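**Student:** Have a look at this one before I ask anything.
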Amino acid sequence: MAANLDYEQAGELKFGQVGIANLRIRTLDPARLAAEMAERVQRAPKLFERAAVVVDFGGLSQCPGPAETRALLEALRGAGVLPVALAYGTSAIEALSREVGLPLLAKFRASYEREGEAAPAPTPAARAPEPAPAPTPAAPTPRAEPGLVHLHPVRSGQQVYAQERDLTVCATVGAGAEVIADGSIHVYGALRGRALAGAAGMATARIFCREFHAELVAVAGHYKVLEEIPKALLGKPVQIWLEHDKLRIEQLD
């Protein structure tokens, strides 16, 4: 008799959106990268100590070898974070992930780099002309996805994700909570947890909140932690945006 997998399972498997830091490697220097990561951990231990990190080699001209990658992973672990995956990019990185025993995650790459690989244009085979197809009615124009409105407080340990749209939270975002949107984020209450706008790479996304106490804010991957934010902005209504790849935070009038 086949086992009933829906009855008293020992482990319930679910898939969902999770907030994981993405470390894009620009210079393959394990000692230097470990020192930078150790400084982040020391500056904001509640956010970065034992944090899950995806290692992204898309900033390098070529894929590193297994030995170099293992040295980097060990250096990052020594700095206080936990590398959990490689970011998908090329077939070479896919092979590397098998060599070092880490999975691939694709969600952090807005566009996959193929190292110059391009699919050749297909050569059409000679054949007799076909009769023109009958005209079909035009498909209706798809409606834009409305923004996600969350009416209740987002409590510690909770996460709210607005995929391919803006997020509006009509209450507080507690310490240890996380709000993520591929578009902009509006918080009509205190923002004490983490807010990540432009999660899919939209650099024009913004974050607005009425009372600013955020542990971390990010727009299109550019982030600041609470320790880096002027104390004069704490408790104030602010807006956060990217300007020339730098995160700006200013008080709203």
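By convention here, the chains of the structure tokens are called A, B, ... in the order presented, each chain's residues are numbered starting at 1, and ligands are numbered starting at 1 in the order presented.
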List the spatial neighbours of Gly65 in chain A as a list in words - criterion: any atom at most 12 Å away, only C-alpha atoms, same-chain residues fewer than 5 positions off excluded.

**Tutor:**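 Residues meeting the cut-off are Leu28, Phe57, Arg70, Ala71, Leu72, Ala92, Ile93, Glu94, Ala95, Leu96, Ser97, Arg98, Glu99 and Val100 of chain A.
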
**Student:** Take the selection from the previous step and output its residues with N, CA, C and O atoms, as a short mmCIF file (atom, residue, chain, number, x, y, z; two decimals), in the first residue's frame.

**Tutor:**
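Output file selection.cif follows:
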```cif
data_model
loop_
_atom_site.label_atom_id
_atom_site.label_comp_id
_atom_site.auth_asym_id
_atom_site.auth_seq_id
_atom_site.Cartn_x
_atom_site.Cartn_y
_atom_site.Cartn_z
N LEU A 28 38.66 38.69 -6.19
CA LEU A 28 38.75 37.39 -5.52
C LEU A 28 39.97 37.37 -4.61
O LEU A 28 41.02 36.83 -4.93
N PHE A 57 29.49 35.30 -8.21
CA PHE A 57 30.74 35.53 -8.94
C PHE A 57 30.52 36.30 -10.24
O PHE A 57 31.41 36.37 -11.09
N ARG A 70 36.61 27.25 -2.36
CA ARG A 70 36.59 26.68 -1.00
C ARG A 70 37.34 27.57 -0.02
O ARG A 70 36.93 27.74 1.14
N ALA A 71 38.46 28.17 -0.47
CA ALA A 71 39.21 29.08 0.40
C ALA A 71 38.37 30.30 0.75
O ALA A 71 38.37 30.77 1.90
N LEU A 72 37.62 30.81 -0.22
CA LEU A 72 36.76 31.96 0.03
C LEU A 72 35.63 31.60 1.00
O LEU A 72 35.35 32.35 1.94
N ALA A 92 29.57 27.29 -16.16
CA ALA A 92 30.77 27.05 -15.36
C ALA A 92 30.46 27.17 -13.87
O ALA A 92 30.95 26.39 -13.05
N ILE A 93 29.64 28.14 -13.51
CA ILE A 93 29.26 28.30 -12.09
C ILE A 93 28.37 27.15 -11.65
O ILE A 93 28.46 26.68 -10.51
N GLU A 94 27.54 26.67 -12.55
CA GLU A 94 26.71 25.51 -12.23
C GLU A 94 27.59 24.29 -11.92
O GLU A 94 27.34 23.57 -10.95
N ALA A 95 28.64 24.09 -12.73
CA ALA A 95 29.56 22.99 -12.47
C ALA A 95 30.33 23.22 -11.17
O ALA A 95 30.56 22.29 -10.40
N LEU A 96 30.70 24.47 -10.92
CA LEU A 96 31.43 24.80 -9.69
C LEU A 96 30.58 24.49 -8.47
O LEU A 96 31.09 24.00 -7.45
N SER A 97 29.28 24.78 -8.54
CA SER A 97 28.41 24.54 -7.39
C SER A 97 28.41 23.07 -7.01
O SER A 97 28.34 22.72 -5.83
N ARG A 98 28.48 22.19 -8.03
CA ARG A 98 28.55 20.75 -7.74
C ARG A 98 29.88 20.39 -7.07
O ARG A 98 29.93 19.56 -6.16
N GLU A 99 30.94 21.02 -7.55
CA GLU A 99 32.28 20.72 -7.02
C GLU A 99 32.38 21.08 -5.54
O GLU A 99 32.99 20.35 -4.74
N VAL A 100 31.79 22.22 -5.16
CA VAL A 100 31.94 22.68 -3.77
C VAL A 100 30.76 22.30 -2.90
O VAL A 100 30.75 22.60 -1.69
#
```

**Student:** Could you name the residues that touch range 205-212 of chain A at 8 Å or less, counting only C-alpha atoms, but leaving out those on the same chain fewer than 3 positions away, as a list of chain:residue names?

**Tutor:** A:Asp182, A:Gly183, A:Ser184, A:Ile185, A:His186, A:Val187, A:Tyr188, A:Gly189, A:Ala190, A:Leu191, A:Arg192, A:Ala195, A:Ala197, A:Gly198, A:Met202, A:Val219, A:Ala220, A:Leu233, A:Leu234, A:Gly235, A:Lys236, A:Pro237, A:Val238, A:Gln239, A:Ile240, A:Trp241, A:Leu242

**Student:** Atoms to include: C-alpha atoms. Write the selected residues as a short mmCIF file (atom, residue, chain, number, x, y, z; two decimals), in the first residue's frame.

**Tutor:**
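Output contents, as saved in part38.cif:
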```
data_model
loop_
_atom_site.label_atom_id
_atom_site.label_comp_id
_atom_site.auth_asym_id
_atom_site.auth_seq_id
_atom_site.Cartn_x
_atom_site.Cartn_y
_atom_site.Cartn_z
CA ASP A 182 10.00 44.56 -6.09
CA GLY A 183 8.60 48.11 -6.22
CA SER A 184 8.42 50.82 -3.56
CA ILE A 185 7.49 50.44 0.12
CA HIS A 186 5.20 52.73 2.12
CA VAL A 187 4.94 52.25 5.90
CA TYR A 188 2.23 54.31 7.63
CA GLY A 189 3.60 53.56 11.06
CA ALA A 190 6.91 52.92 12.80
CA LEU A 191 9.51 51.05 10.74
CA ARG A 192 11.69 49.12 13.20
CA ALA A 195 12.71 47.21 4.51
CA ALA A 197 12.61 47.93 -1.92
CA GLY A 198 13.49 47.25 -5.56
CA MET A 202 14.44 48.41 -9.71
CA VAL A 219 16.99 49.85 -2.48
CA ALA A 220 18.02 47.57 -5.36
CA LEU A 233 16.61 61.04 11.47
CA LEU A 234 15.50 58.53 14.11
CA GLY A 235 11.80 58.72 14.85
CA LYS A 236 11.23 61.09 11.92
CA PRO A 237 9.22 60.61 8.70
CA VAL A 238 11.73 59.88 5.94
CA GLN A 239 12.09 58.83 2.34
CA ILE A 240 14.90 56.62 1.06
CA TRP A 241 16.09 56.33 -2.53
CA LEU A 242 19.10 55.68 -4.74
#
```

**Student:** Please list as a list in words every residue within 12 Å of Arg26 in chain A, counting only C-alpha atoms and excluding residues in the same chain fewer than 5 positions away.

**Tutor:**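 In the requested form, the answer reads Arg32, Leu33, Val55, Asp56, Phe57, Gly58, Gly59, Leu60, Ser61, Gln62, Cys63 and Pro64 of chain A.
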
**Student:** What gap, in Å, lies between CA of Ile20 in chain A and CA of Ser156 in chain A?

**Tutor:**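 Separating CA of Ile20 in chain A from CA of Ser156 in chain A is a distance of 16.6 Å.
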
**Student:** As a ChimeraX atom specification, please: the residues near Glu228 in chain A (cut-off 12 Å, only C-alpha atoms, same-chain neighbours under 2 positions excluded).

**Tutor:** /A:40,43-44,213-217,223-226,230-234,247-249

**Student:** Mind checking which residues fall within 12 Å of range 146-154 of chain A, counting only C-alpha atoms, ignoring those fewer than 3 positions away in the same chain, and posting them as a ChimeraX atom specification?

**Tutor:** /A:142-143,157-195

**Student:** Skip Pro30 in chain A itself and residues of its chain fewer than 3 positions away, then list as a list in words all residues within 9 Å of it, counting only C-alpha atoms.

**Tutor:**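 Final neighbour list, sorted by chain and number: Thr27, Leu33, Ala34, Ala35, Glu68, Thr69, Ala71, Leu72, Leu73, Glu74, Ala75 and Leu76 of chain A.
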
**Student:** CA of Ala21 in chain A to CA of Gln42 in chain A: how many Å, to one decimal?

**Tutor:**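 So the answer is 16.3 Å.
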
**Student:** With DSSP run on the backbone, what are the strand (DSSP E or B) residues within range 14-253 of chain A? I'd like them as a ChimeraX atom specification.

**Tutor:** /A:21-24,52-56,82-87,104-105,148-150,154,159-162,167-169,173,178-181,185-191,194-197,207-212,216-219,222-225,238-243,246-251
